[in-house]
>>> print(open('model.cif').read())   # mmCIF, C-alpha atoms and all ligand atoms
data_data
loop_
_atom_site.label_atom_id
_atom_site.label_comp_id
_atom_site.auth_asym_id
_atom_site.auth_seq_id
_atom_site.Cartn_x
_atom_site.Cartn_y
_atom_site.Cartn_z
CA MET E 1 5.20 21.76 -14.01
CA ILE E 2 6.32 25.20 -12.82
CA ASP E 3 9.06 24.98 -10.23
CA GLU E 4 7.59 27.42 -7.69
CA TYR E 5 9.49 29.01 -4.85
CA ILE E 6 8.20 28.13 -1.42
CA PRO E 7 8.90 29.99 1.83
CA ILE E 8 10.71 28.40 4.75
CA ALA E 9 11.09 29.99 8.17
CA LEU E 10 14.65 31.25 8.65
CA ASN E 11 14.72 30.16 12.29
CA THR E 12 14.26 26.51 11.28
CA ILE E 13 17.81 26.56 9.87
CA GLN E 14 20.59 26.04 12.38
CA PRO E 15 23.65 28.30 11.93
CA ASN E 16 26.60 26.72 10.14
CA THR E 17 24.65 23.74 8.84
CA CYS E 18 24.14 22.64 5.27
CA THR E 19 20.51 22.18 4.19
CA GLY E 20 21.35 20.49 0.89
CA CYS E 21 19.04 22.81 -1.05
CA ASN E 22 19.64 26.23 -2.57
CA LEU E 23 18.33 29.06 -0.41
CA TYR E 24 16.96 32.21 -2.05
CA ILE E 25 15.85 35.62 -0.85
CA LYS E 26 12.89 37.39 -2.38
CA THR E 27 13.57 40.85 -3.77
CA ARG E 28 11.09 43.32 -5.08
CA ALA E 29 11.68 46.11 -7.56
CA ASP E 30 8.37 47.89 -8.24
CA VAL E 31 6.04 45.05 -9.25
CA ASP E 32 8.84 42.77 -10.25
CA ILE E 33 9.55 39.92 -7.82
CA ARG E 34 12.87 38.14 -8.11
CA TYR E 35 14.45 35.32 -6.17
CA VAL E 36 18.16 35.72 -5.65
CA LEU E 37 20.39 32.84 -4.62
CA TYR E 38 21.62 33.54 -1.09
CA CYS E 39 23.29 30.29 -0.12
CA ASN E 40 24.19 27.35 -2.32
CA GLY E 41 22.80 24.03 -1.09
CA ALA E 42 26.25 22.50 -0.90
CA ASN E 43 27.42 25.19 1.55
CA ALA E 44 26.59 25.78 5.18
CA LEU E 45 24.54 28.86 6.00
CA LYS E 46 27.04 30.74 8.12
CA ASP E 47 26.18 32.46 11.37
CA ASP E 48 27.11 35.93 10.03
CA LYS E 49 24.82 35.45 7.01
CA ILE E 50 21.94 34.58 9.34
CA LYS E 51 22.70 37.66 11.44
CA GLU E 52 22.66 39.79 8.30
CA LEU E 53 19.19 38.45 7.41
CA ILE E 54 17.89 39.06 10.93
CA TYR E 55 19.35 42.61 10.81
CA ASN E 56 17.40 43.17 7.58
CA GLN E 57 14.26 41.78 9.24
CA ILE E 58 14.07 38.84 6.83
CA LYS E 59 12.19 35.98 8.49
CA PHE E 60 11.70 33.73 5.48
CA LEU E 61 14.00 32.28 2.87
CA PHE E 62 12.77 30.50 -0.23
CA ILE E 63 13.55 27.15 -1.78
CA ARG E 64 12.48 25.63 -5.07
CA GLN E 65 9.57 23.20 -4.76
CA SER E 66 11.62 20.59 -6.62
CA GLU E 67 14.12 20.71 -3.72
CA GLU E 68 11.58 20.50 -0.90
CA LYS E 69 12.47 16.86 -0.35
CA LEU E 70 16.05 17.88 0.47
CA TYR E 71 14.84 20.52 2.91
CA LEU E 72 12.54 17.98 4.64
CA ARG E 73 15.40 15.51 4.91
CA TYR E 74 17.42 18.28 6.56
CA MET E 75 14.47 19.09 8.86
CA GLU E 76 14.21 15.43 9.80
CA SER E 77 17.78 15.62 11.11
CA GLN E 78 17.03 18.88 12.97
CA LEU E 79 13.57 17.99 14.30
CA LYS E 80 14.65 17.69 17.93
CA LEU E 81 16.25 21.14 17.92
CA VAL E 82 13.28 22.70 16.12
CA ILE E 83 10.64 21.38 18.53
CA HIS E 84 12.64 22.60 21.54
CA ASP E 85 13.37 26.05 20.17
CA PRO E 86 11.13 28.56 22.01
CA ALA E 87 11.68 31.13 19.24
CA ILE E 88 9.86 28.97 16.68
CA ASP E 89 6.11 29.37 16.40
CA THR E 90 3.93 26.33 17.27
CA ASN E 91 2.30 26.40 13.83
CA VAL E 92 5.69 26.18 12.16
CA LYS E 93 6.70 23.31 14.46
CA SER E 94 3.48 21.37 13.85
CA LYS E 95 3.81 21.83 10.11
CA MET E 96 7.39 20.62 10.29
CA VAL E 97 6.48 17.55 12.36
CA TYR E 98 3.70 16.72 9.89
CA ASN E 99 5.69 17.31 6.70
CA VAL E 100 8.72 15.36 7.93
CA ALA E 101 6.44 12.37 8.61
CA LYS E 102 4.96 12.69 5.13
CA SER E 103 8.43 12.70 3.60
CA ILE E 104 9.44 9.62 5.63
CA MET E 105 6.29 7.77 4.59
CA ILE E 106 6.77 8.59 0.90
CA ASP E 107 10.23 7.02 1.13
CA ILE E 108 8.89 4.00 3.02
CA PHE E 109 6.14 3.38 0.47
CA ASN E 110 8.72 3.65 -2.33
CA ASP E 111 11.07 1.20 -0.65
CA PRO E 112 9.36 -0.61 2.26
CA ARG E 113 12.35 -2.82 2.98
CA ALA E 114 14.99 -0.07 3.17
CA GLY E 115 17.25 -0.63 6.17
CA ASP E 116 16.66 2.74 7.85
CA ASN E 117 12.81 2.73 7.72
CA VAL E 118 12.28 1.62 11.32
CA GLU E 119 14.98 3.93 12.67
CA ARG E 120 13.53 6.96 10.86
CA SER E 121 10.00 6.10 12.00
CA LYS E 122 11.05 5.63 15.62
CA ASN E 123 13.01 8.86 15.57
CA TRP E 124 10.04 10.79 14.27
CA VAL E 125 7.70 9.21 16.82
CA SER E 126 10.09 9.95 19.68
CA ASN E 127 10.34 13.65 18.70
CA THR E 128 6.60 13.90 18.12
CA VAL E 129 5.78 12.34 21.51
CA GLU E 130 8.07 14.87 23.19
CA TYR E 131 6.50 17.70 21.23
CA VAL E 132 2.92 16.62 21.89
CA LEU E 133 3.50 16.03 25.62
CA ASN E 134 5.32 19.29 26.26
CA ASN E 135 3.39 21.74 24.16
CA LYS E 136 -0.13 22.67 25.17
CA ASP E 137 -1.00 24.01 21.70
CA ALA E 138 0.31 20.97 19.86
CA THR E 139 -3.06 19.21 19.72
CA SER E 140 -5.06 22.03 18.14
CA THR E 141 -2.35 22.93 15.62
CA MET E 142 -1.60 19.29 14.73
CA LEU E 143 -5.31 18.51 14.25
CA ASN E 144 -5.39 21.29 11.67
CA MET E 145 -2.60 19.61 9.72
CA VAL E 146 -4.49 16.38 9.17
CA SER E 147 -5.04 15.94 5.43
CA TYR E 148 -8.17 16.48 3.49
CA ASP E 149 -7.10 14.36 0.53
CA TYR E 150 -6.53 10.65 0.95
CA TYR E 151 -3.28 8.99 -0.02
CA THR E 152 -2.06 5.85 1.67
CA TYR E 153 1.01 7.65 3.02
CA THR E 154 -0.93 10.69 4.34
CA HIS E 155 -3.45 8.31 5.89
CA CYS E 156 -0.61 6.65 7.81
CA VAL E 157 0.70 10.01 9.02
CA ASP E 158 -2.80 11.17 9.99
CA VAL E 159 -3.57 7.96 11.88
CA SER E 160 -0.29 8.25 13.76
CA VAL E 161 -0.76 11.95 14.60
CA LEU E 162 -4.38 11.44 15.69
CA GLY E 163 -3.38 8.35 17.68
CA LEU E 164 -0.57 10.11 19.53
CA LEU E 165 -2.78 13.09 20.38
CA PHE E 166 -5.52 10.73 21.56
CA ALA E 167 -2.94 8.75 23.57
CA LYS E 168 -1.93 11.97 25.32
CA TYR E 169 -5.61 12.61 26.10
CA LEU E 170 -5.91 9.07 27.50
CA ARG E 171 -2.72 9.63 29.52
CA ILE E 172 -0.99 6.61 28.01
CA GLY E 173 2.63 6.85 29.23
CA GLY E 174 5.47 8.22 27.09
CA ARG E 175 7.28 4.88 26.52
CA ASP E 176 4.02 3.21 25.48
CA MET E 177 3.26 6.13 23.18
CA HIS E 178 6.54 5.41 21.34
CA ASN E 179 5.59 1.80 20.60
CA PHE E 180 2.00 2.69 19.78
CA GLY E 181 2.96 5.63 17.52
CA ALA E 182 5.49 3.59 15.52
CA GLY E 183 2.92 0.84 14.97
CA LEU E 184 0.34 3.38 13.82
CA LEU E 185 2.71 5.08 11.41
CA LEU E 186 3.56 1.73 9.83
CA HIS E 187 0.13 0.08 10.16
CA ASP E 188 -0.56 -0.07 6.41
CA ILE E 189 2.99 -0.76 5.16
CA GLY E 190 1.67 -4.10 3.84
CA LYS E 191 -0.33 -2.20 1.21
CA THR E 192 2.92 -1.94 -0.74
CA GLU E 193 2.41 -5.63 -1.58
CA ILE E 194 -1.10 -5.14 -2.96
CA SER E 195 -1.64 -4.36 -6.64
CA ILE E 196 -2.27 -0.67 -7.37
CA ASN E 197 -5.36 -1.53 -9.41
CA THR E 198 -7.03 -3.26 -6.48
CA LEU E 199 -5.90 -0.59 -4.03
CA ASN E 200 -7.23 2.28 -6.13
CA LYS E 201 -10.30 0.57 -7.52
CA ASN E 202 -13.15 3.02 -7.81
CA GLY E 203 -16.14 0.89 -6.85
CA LYS E 204 -17.08 -2.27 -5.02
CA LEU E 205 -14.37 -4.89 -4.69
CA ASN E 206 -15.14 -8.42 -5.82
CA GLU E 207 -14.41 -11.37 -3.54
CA SER E 208 -10.88 -12.04 -4.76
CA GLU E 209 -9.94 -8.35 -4.67
CA TYR E 210 -11.21 -8.07 -1.10
CA ALA E 211 -9.23 -11.17 -0.18
CA GLU E 212 -6.15 -9.52 -1.69
CA ILE E 213 -6.68 -6.27 0.27
CA LYS E 214 -7.03 -8.25 3.51
CA LYS E 215 -3.52 -9.62 3.00
CA HIS E 216 -1.99 -6.20 3.73
CA VAL E 217 -2.23 -6.83 7.47
CA GLU E 218 -0.09 -9.96 7.53
CA CYS E 219 2.18 -8.70 4.74
CA GLY E 220 2.83 -5.60 6.85
CA HIS E 221 3.67 -7.72 9.87
CA GLU E 222 6.09 -9.80 7.77
CA ILE E 223 7.85 -6.71 6.37
CA LEU E 224 8.25 -5.19 9.84
CA LYS E 225 9.48 -8.41 11.41
CA GLY E 226 12.01 -8.65 8.61
CA LEU E 227 13.24 -5.11 9.21
CA GLY E 228 13.69 -5.71 12.96
CA GLY E 229 14.09 -3.05 15.63
CA LEU E 230 10.42 -2.74 16.62
CA SER E 231 8.98 -3.77 19.96
CA GLU E 232 6.32 -6.52 19.98
CA ASP E 233 3.80 -3.90 21.16
CA SER E 234 4.28 -1.96 17.92
CA PHE E 235 2.87 -4.92 15.99
CA TYR E 236 -0.61 -4.66 17.57
CA PRO E 237 -1.78 -1.58 15.64
CA VAL E 238 -0.60 -3.36 12.48
CA LEU E 239 -2.12 -6.77 13.21
CA HIS E 240 -5.37 -5.69 14.88
CA HIS E 241 -6.50 -2.49 13.11
CA HIS E 242 -9.05 -4.36 10.99
CA GLU E 243 -10.32 -6.61 13.77
CA LYS E 244 -13.82 -5.82 15.06
CA ILE E 245 -15.21 -6.17 18.56
CA ASN E 246 -18.04 -8.42 17.24
CA GLY E 247 -15.50 -10.84 15.76
CA LYS E 248 -16.33 -10.02 12.14
CA GLY E 249 -13.06 -8.32 11.31
CA TYR E 250 -9.87 -9.67 9.76
CA PRO E 251 -7.39 -11.34 9.56
CA LYS E 252 -8.19 -13.50 12.62
CA GLY E 253 -11.77 -12.55 13.52
CA LEU E 254 -10.72 -11.75 17.09
CA LYS E 255 -13.48 -10.73 19.50
CA GLY E 256 -13.72 -8.18 22.34
CA ASN E 257 -10.69 -8.25 24.60
CA GLU E 258 -8.84 -10.68 22.33
CA ILE E 259 -8.06 -7.46 20.49
CA HIS E 260 -5.19 -5.49 22.04
CA ASP E 261 -5.97 -1.96 23.28
CA TYR E 262 -3.67 -0.53 20.59
CA GLY E 263 -5.68 -2.43 17.99
CA LYS E 264 -9.00 -1.19 19.38
CA ILE E 265 -7.83 2.44 19.23
CA ALA E 266 -6.17 1.99 15.82
CA ALA E 267 -9.44 0.57 14.39
CA ILE E 268 -11.40 3.66 15.49
CA ILE E 269 -8.85 6.13 14.16
CA ASP E 270 -8.33 4.23 10.91
CA VAL E 271 -12.03 4.40 10.04
CA TYR E 272 -12.45 7.96 11.31
CA ASP E 273 -9.58 9.19 9.13
CA ALA E 274 -10.90 7.35 6.08
CA LEU E 275 -14.36 8.90 6.55
CA THR E 276 -13.03 12.44 7.05
CA THR E 277 -10.80 12.46 3.96
CA LYS E 278 -11.81 12.74 0.33
CA ARG E 279 -11.92 9.38 -1.47
CA PRO E 280 -12.52 8.58 -5.16
CA TYR E 281 -16.01 7.37 -4.21
CA SER E 282 -16.97 9.85 -1.47
CA ASP E 283 -16.40 13.38 -0.25
CA ALA E 284 -14.66 14.14 3.00
CA ARG E 285 -17.09 14.20 5.90
CA LYS E 286 -16.96 16.64 8.77
CA PRO E 287 -16.02 15.14 12.16
CA PHE E 288 -19.54 15.00 13.58
CA PRO E 289 -21.23 13.22 10.63
CA ALA E 290 -18.27 10.82 10.48
CA LEU E 291 -18.69 9.94 14.16
CA GLN E 292 -22.42 9.55 13.65
CA ILE E 293 -21.87 7.04 10.82
CA MET E 294 -19.43 5.14 13.02
CA LYS E 295 -21.90 5.02 15.89
CA GLU E 296 -25.02 4.18 13.89
CA PHE E 297 -23.70 1.76 11.28
CA MET E 298 -20.52 0.42 12.83
CA GLY E 299 -21.32 0.47 16.51
CA GLU E 300 -20.48 -3.20 16.94
CA HIS E 301 -17.11 -2.79 15.25
CA PHE E 302 -15.54 -0.62 17.90
CA ASP E 303 -14.76 -0.77 21.58
CA GLU E 304 -17.49 1.33 23.20
CA THR E 305 -15.38 2.91 25.93
CA TYR E 306 -12.60 3.98 23.56
CA PHE E 307 -15.12 5.21 21.04
CA ARG E 308 -16.82 7.40 23.66
CA SER E 309 -13.44 8.76 24.78
CA PHE E 310 -12.51 9.49 21.18
CA VAL E 311 -15.70 11.51 20.69
CA ALA E 312 -14.94 13.41 23.90
CA PHE E 313 -11.33 13.96 22.81
CA LEU E 314 -12.39 15.46 19.47
CA GLY E 315 -14.96 17.60 21.25
CA SER E 316 -12.35 18.94 23.63
CA ARG E 317 -9.68 19.21 20.90
CA GLY E 318 -7.24 17.79 23.35
FE FE J 401 -5.38 -1.14 6.87
#
>>> encode(input="model.cif", output="structure tokens")
Amino acid sequence: MIDEYIPIALNTIQPNTCTGCNLYIKTRADVDIRYVLYCNGANALKDDKIKELIYNQIKFLFIRQSEEKLYLRYMESQLKLVIHDPAIDTNVKSKMVYNVAKSIMIDIFNDPRAGDNVERSKNWVSNTVEYVLNNKDATSTMLNMVSYDYYTYTHCVDVSVLGLLFAKYLRIGGRDMHNFGAGLLLHDIGKTEISINTLNKNGKLNESEYAEIKKHVECGHEILKGLGGLSEDSFYPVLHHHEKINGKGYPKGLKGNEIHDYGKIAAIIDVYDALTTKRPYSDARKPFPALQIMKEFMGEHFDETYFRSFVAFLGSRG
């Protein structure tokens, strides 16, 4: 694989901090493009070096794709500063919020029982809630970030982003948004216990495979309880996202208001995201056809009031 150079906005780097990845500047001589090392990843990018770049009207630095993970880990530590910086464009902020979550989820799916998983998730949710509540353009830019291709980890990020934006629309309070958002981000963590073959099977699942898939809900709950640090409310999106209003869901077959509000909302967003992303067995659907399928064929699965609000939310784009 070619190790491409990718641009990063200069103003996302705080003066005198160390990003951990080599930073390059792009130079051009006739048609020849070269990337010249500007700051070694082990060193801090000094204030005077940043001033020199600004003086030369350089707004972007470049990193190697193979080091993007290091840059995102750095961004994760700087997320609070980035989202509050008025000089940084909303698109850049939304992209950062989204990509940091993706990086966290990749780590969580690689090592679901790592000690800092809950802390990193809660930190991201707390910054994202602040960003979403205080930035009027956050909803439209964040909705554009939602993935087209389906991977379990991007699905978790998408469900959490959509859920937090919808929670803002519903005027669910900030503290509740924290618990709800963390539960959404981690709602499918139990899939790490399911065999890859069953998870990625291209075609109808047989009875025992379906039974195995269903286990991801309770496995997820067990993993999260074991990690500690999450509020009880954060467990509802995990435990109830496959329950259906008509009682035909799993794992418990809960009916109507036996399902927690967070579970009712999570169920809608979970299915909506799955329908609007590309799967091995189906193309990604546009929002309207996806909502139509949900209404016509799954009407009894979802809470009617939340479903109607969700349609209105997508129509208003926040
Ligand atoms: Fe699930």
>>> atom_distance(input="model.cif", atom1="atom CA of E:Ile58", atom2="atom CA of E:Ile25")
8.5 Å
>>> residues_around(input="model.cif", residues="stretch 78-95 of chain E", least_positions_apart="4", cutoff="12 Å", atoms="all atoms listed in the file", output="PyMOL selection string")
chain E and resi 7-15+17-19+59-60+71-74+99-102+120+123-147+161
>>> write_last_selection(input="model.cif", atoms="C-alpha atoms", output="PDB file, in the coordinates of the input")
ATOM      1  CA  PRO E   7       8.900  29.990   1.830  1.00  0.00           C
ATOM      2  CA  ILE E   8      10.710  28.400   4.750  1.00  0.00           C
ATOM      3  CA  ALA E   9      11.090  29.990   8.170  1.00  0.00           C
ATOM      4  CA  LEU E  10      14.650  31.250   8.650  1.00  0.00           C
ATOM      5  CA  ASN E  11      14.720  30.160  12.290  1.00  0.00           C
ATOM      6  CA  THR E  12      14.260  26.510  11.280  1.00  0.00           C
ATOM      7  CA  ILE E  13      17.810  26.560   9.870  1.00  0.00           C
ATOM      8  CA  GLN E  14      20.590  26.040  12.380  1.00  0.00           C
ATOM      9  CA  PRO E  15      23.650  28.300  11.930  1.00  0.00           C
ATOM     10  CA  THR E  17      24.650  23.740   8.840  1.00  0.00           C
ATOM     11  CA  CYS E  18      24.140  22.640   5.270  1.00  0.00           C
ATOM     12  CA  THR E  19      20.510  22.180   4.190  1.00  0.00           C
ATOM     13  CA  LYS E  59      12.190  35.980   8.490  1.00  0.00           C
ATOM     14  CA  PHE E  60      11.700  33.730   5.480  1.00  0.00           C
ATOM     15  CA  TYR E  71      14.840  20.520   2.910  1.00  0.00           C
ATOM     16  CA  LEU E  72      12.540  17.980   4.640  1.00  0.00           C
ATOM     17  CA  ARG E  73      15.400  15.510   4.910  1.00  0.00           C
ATOM     18  CA  TYR E  74      17.420  18.280   6.560  1.00  0.00           C
ATOM     19  CA  ASN E  99       5.690  17.310   6.700  1.00  0.00           C
ATOM     20  CA  VAL E 100       8.720  15.360   7.930  1.00  0.00           C
ATOM     21  CA  ALA E 101       6.440  12.370   8.610  1.00  0.00           C
ATOM     22  CA  LYS E 102       4.960  12.690   5.130  1.00  0.00           C
ATOM     23  CA  ARG E 120      13.530   6.960  10.860  1.00  0.00           C
ATOM     24  CA  ASN E 123      13.010   8.860  15.570  1.00  0.00           C
ATOM     25  CA  TRP E 124      10.040  10.790  14.270  1.00  0.00           C
ATOM     26  CA  VAL E 125       7.700   9.210  16.820  1.00  0.00           C
ATOM     27  CA  SER E 126      10.090   9.950  19.680  1.00  0.00           C
ATOM     28  CA  ASN E 127      10.340  13.650  18.700  1.00  0.00           C
ATOM     29  CA  THR E 128       6.600  13.900  18.120  1.00  0.00           C
ATOM     30  CA  VAL E 129       5.780  12.340  21.510  1.00  0.00           C
ATOM     31  CA  GLU E 130       8.070  14.870  23.190  1.00  0.00           C
ATOM     32  CA  TYR E 131       6.500  17.700  21.230  1.00  0.00           C
ATOM     33  CA  VAL E 132       2.920  16.620  21.890  1.00  0.00           C
ATOM     34  CA  LEU E 133       3.500  16.030  25.620  1.00  0.00           C
ATOM     35  CA  ASN E 134       5.320  19.290  26.260  1.00  0.00           C
ATOM     36  CA  ASN E 135       3.390  21.740  24.160  1.00  0.00           C
ATOM     37  CA  LYS E 136      -0.130  22.670  25.170  1.00  0.00           C
ATOM     38  CA  ASP E 137      -1.000  24.010  21.700  1.00  0.00           C
ATOM     39  CA  ALA E 138       0.310  20.970  19.860  1.00  0.00           C
ATOM     40  CA  THR E 139      -3.060  19.210  19.720  1.00  0.00           C
ATOM     41  CA  SER E 140      -5.060  22.030  18.140  1.00  0.00           C
ATOM     42  CA  THR E 141      -2.350  22.930  15.620  1.00  0.00           C
ATOM     43  CA  MET E 142      -1.600  19.290  14.730  1.00  0.00           C
ATOM     44  CA  LEU E 143      -5.310  18.510  14.250  1.00  0.00           C
ATOM     45  CA  ASN E 144      -5.390  21.290  11.670  1.00  0.00           C
ATOM     46  CA  MET E 145      -2.600  19.610   9.720  1.00  0.00           C
ATOM     47  CA  VAL E 146      -4.490  16.380   9.170  1.00  0.00           C
ATOM     48  CA  SER E 147      -5.040  15.940   5.430  1.00  0.00           C
ATOM     49  CA  VAL E 161      -0.760  11.950  14.600  1.00  0.00           C
TER      50      VAL E 161
END
>>> residues_near_ligand(input="model.cif", ligand="ligand FE 401 (chain J)", cutoff="9 Å", atoms="only C-alpha atoms and all ligand atoms", output="count of residues only")
14
>>> residues_around(input="model.cif", residues="stretch 291-302 of chain E", least_positions_apart="2", cutoff="9 Å", atoms="all atoms listed in the file", output="short mmCIF file (atom, residue, chain, number, x, y, z; two decimals) with C-alpha atoms, in the frame of the given file")
data_model
loop_
_atom_site.label_atom_id
_atom_site.label_comp_id
_atom_site.auth_asym_id
_atom_site.auth_seq_id
_atom_site.Cartn_x
_atom_site.Cartn_y
_atom_site.Cartn_z
CA GLU E 243 -10.32 -6.61 13.77
CA LYS E 244 -13.82 -5.82 15.06
CA ILE E 245 -15.21 -6.17 18.56
CA ASN E 246 -18.04 -8.42 17.24
CA GLY E 247 -15.50 -10.84 15.76
CA LYS E 248 -16.33 -10.02 12.14
CA GLY E 249 -13.06 -8.32 11.31
CA GLY E 256 -13.72 -8.18 22.34
CA LYS E 264 -9.00 -1.19 19.38
CA ILE E 265 -7.83 2.44 19.23
CA ALA E 267 -9.44 0.57 14.39
CA ILE E 268 -11.40 3.66 15.49
CA VAL E 271 -12.03 4.40 10.04
CA TYR E 272 -12.45 7.96 11.31
CA LEU E 275 -14.36 8.90 6.55
CA LYS E 286 -16.96 16.64 8.77
CA PRO E 287 -16.02 15.14 12.16
CA PHE E 288 -19.54 15.00 13.58
CA PRO E 289 -21.23 13.22 10.63
CA GLU E 304 -17.49 1.33 23.20
CA THR E 305 -15.38 2.91 25.93
CA TYR E 306 -12.60 3.98 23.56
CA PHE E 307 -15.12 5.21 21.04
CA VAL E 311 -15.70 11.51 20.69
#
>>> residues_around(input="model.cif", residues="E:Tyr169", least_positions_apart="4", cutoff="9 Å", atoms="all atoms listed in the file", output="number ranges by chain")
E: 164-165, 309, 313, 318
>>> residues_around(input="model.cif", residues="E:Glu119", least_positions_apart="2", cutoff="12 Å", atoms="all atoms listed in the file", output="PyMOL selection string")
chain E and resi 76+104+108+114-117+121-126+182+186+224+227-230
>>> atom_distance(input="model.cif", atom1="atom CA of E:Ile6", atom2="atom CA of E:Phe62")
5.3 Å
>>> atom_distance(input="model.cif", atom1="atom CA of E:Asp158", atom2="atom CA of E:Leu170")
17.9 Å
>>> closest_residue(input="model.cif", among="E:Val159, E:Thr277, E:Glu207, E:Gly263", to="E:Tyr98", atoms="only C-alpha atoms")
E:Val159
>>> closest_residue(input="model.cif", among="E:Pro251, E:Ile172, E:Leu185, E:Asp47", to="E:Val157", atoms="only C-alpha atoms")
E:Leu185
>>> closest_residue(input="model.cif", among="E:His178, E:Asn202, E:Tyr281, E:His240", to="E:Asn257", atoms="all atoms listed in the file")
E:His240
>>> axis_aligned_box(input="model.cif", around="stretch 202-207 of chain E", padding_each_side="3 Å", output="AutoDock Vina command-line options")
--center_x -15.1 --center_y -4.2 --center_z -5.7 --size_x 9.9 --size_y 20.4 --size_z 10.3
>>> residues_around(input="model.cif", residues="stretch 42-46 of chain E", least_positions_apart="2", cutoff="7 Å", atoms="all atoms listed in the file", output="list in words")
Pro15, Asn16, Thr17, Cys18, Gly20, Cys39, Asn40, Asp48, Lys49 and Ile50 of chain E
>>> closest_residue(input="model.cif", among="E:Met105, E:Leu61, E:Lys69, E:Asp149", to="E:Ala284", atoms="all atoms listed in the file")
E:Asp149
>>> closest_residue(input="model.cif", among="E:Arg113, E:Asp261, E:Leu199, E:Ser66", to="E:Gly220", atoms="only C-alpha atoms")
E:Arg113
